[in-house]
Amino acid sequence: MSQIVELTSLEDPALDPYARLTEAQLRARREPEKGVFIAESPKVIKTALDAGLTPVSLLMERRHIAGDGAELLARCPGVPVYTGERELLARLTGYALTRGVLCAMRRPALPAPADVLASARRVAVLEGVVDATNIGAIFRSAAALGVDGVLLTPTCCDPLIRRAARVSMGTVFQVPWTYLESWPEGGGALLRAAGFATAAMALTDDSVPVDDGRVKSEPRLAIVLGTEGDGLARRTVASCDYTVRIPMHRGVDSLNVAAAAAVAFWELT
């Protein structure tokens with residue numbers, strides 16, 4: 001049985017992960033084993049549980065205890081469940097809960113980049129992608145379209161922040177991912193050593209269309225996508241084996257990075 005705790009005060013320190021800790025504090029970079037993240041909505045939480053992640057506590061509107069949250073409670077015996085009316089919880093968190101449920105969970109240990117690459121044929125490399133919605137959408141496309149793993153540069157948005165995980169529909173718990181320590185030098189060397197060709201998604205005079213047969217036939221391929229504003233750094237493009245473009249019409253010069261990722265994943269996987 002879960003431990004149901006009716007909220008009488010919003011000052012309870014146990015509620016800090018939901019309201020008073022920043023994303024950086026939740027990550028606990030100095031002590032990663034103590035880090036937590038917030039999963040939002042029953043579907044995302046269930047997917048995280050299916051992936052073996054450990055719940056710390058739940059924050060749930062009272063009406064969901066016998067409704068959408070009942071299955072979660074059954075799967076989280078002994079985990080405290082803080083509950084109250086919708087308005088009270090929105091006042092605590094500062095936003096209306098998506099389908100009325102949040103879960104604080106332990107952050108998983110990230111694999112080494114080499115482990116993500118070990119059995120992969122197609123991976124995505126994200127350079128400086130900072131928007132949580134884009135990160136979540138890229139992961140959802142990666143899961144749906146057969147990408148085997150995702151490598152992120154150190155400046156990328158954390159895929160486990162609440163909005164990113166929710167937009168991904170929980171696929172951040174299904175697609176193997178980790179951070180590269182350095183890019184493009186260190187990460188590029190790692191990819192080459194693992195037998196990967198690299199394809200930079202960028203608009204240059206020598207770029208090839210995304211359906212180019214040489215790119216598609218590479219046995220192992222890393223699809224490299226850049227930041228929302230300026231795209232990939234010039235040195236990144238120069239370091240890649242291919243520069244790949246998505247053909248455009250009506251004078252449009254580029255797609256949003258999440259949309260471009262979906263097109264590239266579909267064509268190149």
# chains A, B, ... in the order shown; residues from 1 in each chain; ligands from 1
call {"tool": "select_by_dssp", "arguments": {"residues": "stretch 14-79 of chain A", "states": "alpha helix (DSSP H)", "output": "compact mmCIF listing (two decimals) with C-alpha atoms, in the first residue's frame"}}
result
# COMPACT_ATOMS: atom_id res chain seq x y z
CA ASP A 16 10.72 20.77 -2.28
CA PRO A 17 11.39 18.72 -5.46
CA TYR A 18 8.02 19.78 -6.84
CA ALA A 19 8.19 23.48 -6.03
CA GLU A 23 16.61 21.88 -12.17
CA ALA A 24 20.30 22.22 -11.26
CA GLN A 25 19.54 21.41 -7.63
CA LEU A 26 17.43 18.43 -8.65
CA ARG A 27 20.33 17.07 -10.70
CA PRO A 42 0.57 8.77 -15.72
CA LYS A 43 1.85 7.59 -19.13
CA VAL A 44 5.31 9.11 -18.67
CA ILE A 45 5.55 7.79 -15.11
CA LYS A 46 4.48 4.28 -16.17
CA THR A 47 7.10 4.26 -18.92
CA ALA A 48 9.76 5.30 -16.41
CA LEU A 49 8.69 2.51 -14.05
CA ASP A 50 8.76 0.03 -16.94
CA ALA A 70 -4.66 3.89 -9.11
CA GLU A 71 -2.34 1.73 -11.23
CA LEU A 72 0.64 3.87 -10.24
CA LEU A 73 -0.17 3.48 -6.56
CA ALA A 74 -0.33 -0.28 -6.99
CA ARG A 75 3.12 -0.23 -8.58
call {"tool": "residues_around", "arguments": {"residues": "stretch 201-206 of chain A", "least_positions_apart": "5", "cutoff": "7 Å", "atoms": "only C-alpha atoms", "output": "list in words"}}
result
Val224, Leu225, Leu232, Thr243, Val244 and Arg245 of chain A
call {"tool": "write_last_selection", "arguments": {"atoms": "N, CA and C atoms", "output": "compact mmCIF listing (two decimals), in the first residue's frame"}}
result
# COMPACT_ATOMS: atom_id res chain seq x y z
N VAL A 224 24.06 14.19 -37.21
CA VAL A 224 24.47 15.28 -36.33
C VAL A 224 23.58 16.49 -36.56
N LEU A 225 22.92 16.96 -35.50
CA LEU A 225 21.96 18.07 -35.57
C LEU A 225 22.38 19.17 -34.63
N LEU A 232 24.67 23.90 -36.76
CA LEU A 232 25.95 23.31 -36.37
C LEU A 232 27.09 24.30 -36.51
N THR A 243 27.91 16.27 -45.47
CA THR A 243 27.00 17.35 -45.10
C THR A 243 25.70 17.09 -45.86
N VAL A 244 24.60 17.04 -45.13
CA VAL A 244 23.33 16.58 -45.69
C VAL A 244 22.29 17.68 -45.55
N ARG A 245 21.50 17.88 -46.60
CA ARG A 245 20.44 18.88 -46.56
C ARG A 245 19.09 18.21 -46.85
call {"tool": "residues_around", "arguments": {"residues": "A:Leu102", "least_positions_apart": "5", "cutoff": "12 Å", "atoms": "only C-alpha atoms", "output": "MDAnalysis selection string"}}
result
chainID A and resid 15 17:19 37:46 55:61 64 68:69 72 81:83 89:90 93 95:97 162:163 165:166
call {"tool": "atom_distance", "arguments": {"atom1": "atom CA of A:Val237", "atom2": "atom CA of A:Ala200"}}
result
5.7 Å
call {"tool": "atom_distance", "arguments": {"atom1": "atom CA of A:Ala233", "atom2": "atom CA of A:Ala124"}}
result
16.1 Å
call {"tool": "atom_distance", "arguments": {"atom1": "atom CA of A:Gly226", "atom2": "atom CA of A:Arg192"}}
result
19.3 Å
call {"tool": "residues_around", "arguments": {"residues": "A:Leu152", "least_positions_apart": "4", "cutoff": "6 Å", "atoms": "only C-alpha atoms", "output": "PyMOL selection string"}}
result
chain A and resi 125-126+179-180
call {"tool": "write_last_selection", "arguments": {"atoms": "C-alpha atoms", "output": "PDB file, in the first residue's frame"}}
result
ATOM      1  CA  VAL A 125      24.281  13.502 -32.045  1.00  0.00           C
ATOM      2  CA  LEU A 126      22.739  16.706 -30.691  1.00  0.00           C
ATOM      3  CA  TYR A 179      26.474  13.024 -22.752  1.00  0.00           C
ATOM      4  CA  LEU A 180      29.748  13.323 -24.619  1.00  0.00           C
TER       5      LEU A 180
END
call {"tool": "closest_residue", "arguments": {"among": "A:Gly35, A:Gly229, A:Gly52, A:Gly78", "to": "A:Ile161", "atoms": "only C-alpha atoms"}}
result
A:Gly35
call {"tool": "closest_residue", "arguments": {"among": "A:Val252, A:Val101, A:Ala261, A:Val175", "to": "A:Arg86", "atoms": "only C-alpha atoms"}}
result
A:Val101
call {"tool": "select_by_dssp", "arguments": {"residues": "stretch 17-231 of chain A", "states": "strand (DSSP E or B)", "output": "VMD selection string"}}
result
chain A and resid 36 to 40 55 to 61 80 to 84 101 to 106 122 to 126 149 to 152 177 to 179 197 to 201 208 to 209 221 to 225 227 231
call {"tool": "closest_residue", "arguments": {"among": "A:Asp148, A:Glu11, A:Cys157, A:Leu21", "to": "A:Arg91", "atoms": "only C-alpha atoms"}}
result
A:Glu11
call {"tool": "residues_around", "arguments": {"residues": "A:Thr133", "least_positions_apart": "3", "cutoff": "9 Å", "atoms": "only C-alpha atoms", "output": "number ranges by chain"}}
result
A: 130, 136-138, 163-168, 258
call {"tool": "residues_around", "arguments": {"residues": "A:Leu268", "least_positions_apart": "2", "cutoff": "9 Å", "atoms": "only C-alpha atoms", "output": "ChimeraX atom specification"}}
result
/A:122,210-211,215-217,221,223,263-266
call {"tool": "closest_residue", "arguments": {"among": "A:Cys103, A:Ile246, A:Cys156, A:Ala143", "to": "A:Glu267", "atoms": "only C-alpha atoms"}}
result
A:Ile246
call {"tool": "closest_residue", "arguments": {"among": "A:Val150, A:Leu145, A:Leu117, A:Leu7", "to": "A:Ala262", "atoms": "only C-alpha atoms"}}
result
A:Leu145
call {"tool": "closest_residue", "arguments": {"among": "A:Ala118, A:Ala222, A:Gly231, A:Ala132", "to": "A:Leu151", "atoms": "only C-alpha atoms"}}
result
A:Ala222
call {"tool": "residues_around", "arguments": {"residues": "A:Leu190", "least_positions_apart": "4", "cutoff": "8 Å", "atoms": "only C-alpha atoms", "output": "number ranges by chain"}}
result
A: 114, 186, 194
